Amino acid sequence: MYKTVLIVLAEGFEDIEAVTAIDALTRAGIKITISGMSTRPVRGAYGCTIIGDTTVDKIDGQFDGLVFTGGLQCADALASNEKVVELVKRHNEDNKLVAAICAASNVLLAKQCGILEGRIATGDPSMVGYLRDAGAILSNKIYAVDRNIITANGPGSAMQFALAIVDYLVGKVKADELAEKWQVSRKAFVHDSVASAY
């Protein structure tokens, strides 16, 4: 049975974070639904345009995981959308994966949704105050895994972030297989890890 992930993108998303996650999760056999906010296609901060499958107002049901990318404009739009906030809180309450990278960790998960209290987390280093204010346990690694929450610090950690999601949903064997194929070292990046999903 395949795993399902919803990736919600807003205008100004961080291009490399979105494309890397979409590519890696698809290759891992995870069924992805890409949602824009109110329009399709959605344009990234650096010109990448992604045509989503739907828009957030049409999202119904639950997924095995939610994935949010950074880009401050994108993160602000995600955090100001009631449906997105409701999705995050509901999935977190049900112990489903909630993954966010860069500004999405700080603005959406920490500041708006308040789900990082007592959790090991990281995000955009320039907005670390949001994580502190939310009661997160700050990680100095490029990504952190704490139970059902995965966070990462920015574009440079996009591949490790994507592989961590694959690891969580599908298993370490698949994540390591992709890393080896792409000549990406997972050993070079020690990360925080609390509990396991499988």
# chains A, B, ... in the order shown; residues from 1 in each chain; ligands from 1
call {"tool": "residues_around", "arguments": {"residues": "Pro41 (chain A)", "least_positions_apart": "4", "cutoff": "8 Å", "atoms": "only C-alpha atoms", "output": "NGL selection string"}}
result
:A and (36 or 49-52)
call {"tool": "write_last_selection", "arguments": {"atoms": "all heavy atoms", "output": "CSV table (one decimal), in the first residue's frame"}}
result
chain,number,residue,atom,x,y,z
A,36,GLY,N,-2.0,24.1,-5.0
A,36,GLY,CA,-1.7,25.6,-4.9
A,36,GLY,C,-2.7,26.1,-3.9
A,36,GLY,O,-3.5,25.4,-3.3
A,49,THR,N,7.9,27.3,-12.2
A,49,THR,CA,6.4,27.3,-12.2
A,49,THR,C,5.9,25.8,-12.1
A,49,THR,O,6.3,25.0,-12.9
A,49,THR,CB,5.8,27.9,-13.4
A,49,THR,OG1,6.2,29.3,-13.5
A,49,THR,CG2,4.3,27.9,-13.4
A,50,ILE,N,5.1,25.5,-11.1
A,50,ILE,CA,4.6,24.2,-10.9
A,50,ILE,C,3.0,24.2,-11.1
A,50,ILE,O,2.4,25.0,-10.4
A,50,ILE,CB,5.0,23.6,-9.5
A,50,ILE,CG1,6.5,23.5,-9.5
A,50,ILE,CG2,4.2,22.3,-9.2
A,50,ILE,CD1,7.0,23.0,-8.2
A,51,ILE,N,2.6,23.3,-11.9
A,51,ILE,CA,1.1,23.2,-12.1
A,51,ILE,C,0.6,22.1,-11.1
A,51,ILE,O,0.9,20.9,-11.2
A,51,ILE,CB,0.8,22.7,-13.5
A,51,ILE,CG1,1.3,23.8,-14.5
A,51,ILE,CG2,-0.7,22.6,-13.7
A,51,ILE,CD1,1.2,23.4,-16.0
A,52,GLY,N,-0.1,22.5,-10.1
A,52,GLY,CA,-0.6,21.6,-9.1
A,52,GLY,C,-1.7,20.7,-9.6
A,52,GLY,O,-2.3,20.9,-10.7
call {"tool": "residues_around", "arguments": {"residues": "Arg27 (chain A)", "least_positions_apart": "4", "cutoff": "12 Å", "atoms": "only C-alpha atoms", "output": "list of chain:residue names"}}
result
A:Thr20, A:Ala21, A:Ile22, A:Asp23, A:Lys31, A:Ile32, A:Ala162, A:Leu163, A:Val166, A:Val170, A:Lys174, A:Ala175, A:Glu177, A:Leu178, A:Ala179, A:Lys181, A:Trp182
call {"tool": "closest_atom_pairs", "arguments": {"of": "region 2-95 of chain A", "to": "region 145-158 of chain A", "cutoff": "7 Å", "atoms": "only C-alpha atoms", "output": "tab-separated table"}}
result
residue	atom	partner	partner_atom	distance
A:Ile16	CA	A:Pro155	CA	6.3
A:Glu17	CA	A:Ala158	CA	5.1
A:Thr20	CA	A:Ala158	CA	6.4
A:Asn95	CA	A:Asn148	CA	5.9
call {"tool": "closest_residue", "arguments": {"among": "A:Arg119, A:Lys3, A:Arg132, A:Arg90", "to": "Asn106 (chain A)", "atoms": "only C-alpha atoms"}}
result
A:Arg132
call {"tool": "closest_residue", "arguments": {"among": "A:Ala100, A:Leu169, A:Ile142, A:Met37", "to": "Pro125 (chain A)", "atoms": "only C-alpha atoms"}}
result
A:Ile142
call {"tool": "select_by_dssp", "arguments": {"residues": "chain A", "states": "alpha helix (DSSP H)", "output": "VMD selection string"}}
result
chain A and resid 15 to 27 72 to 79 82 to 93 103 128 to 133 158 to 169 172 to 181
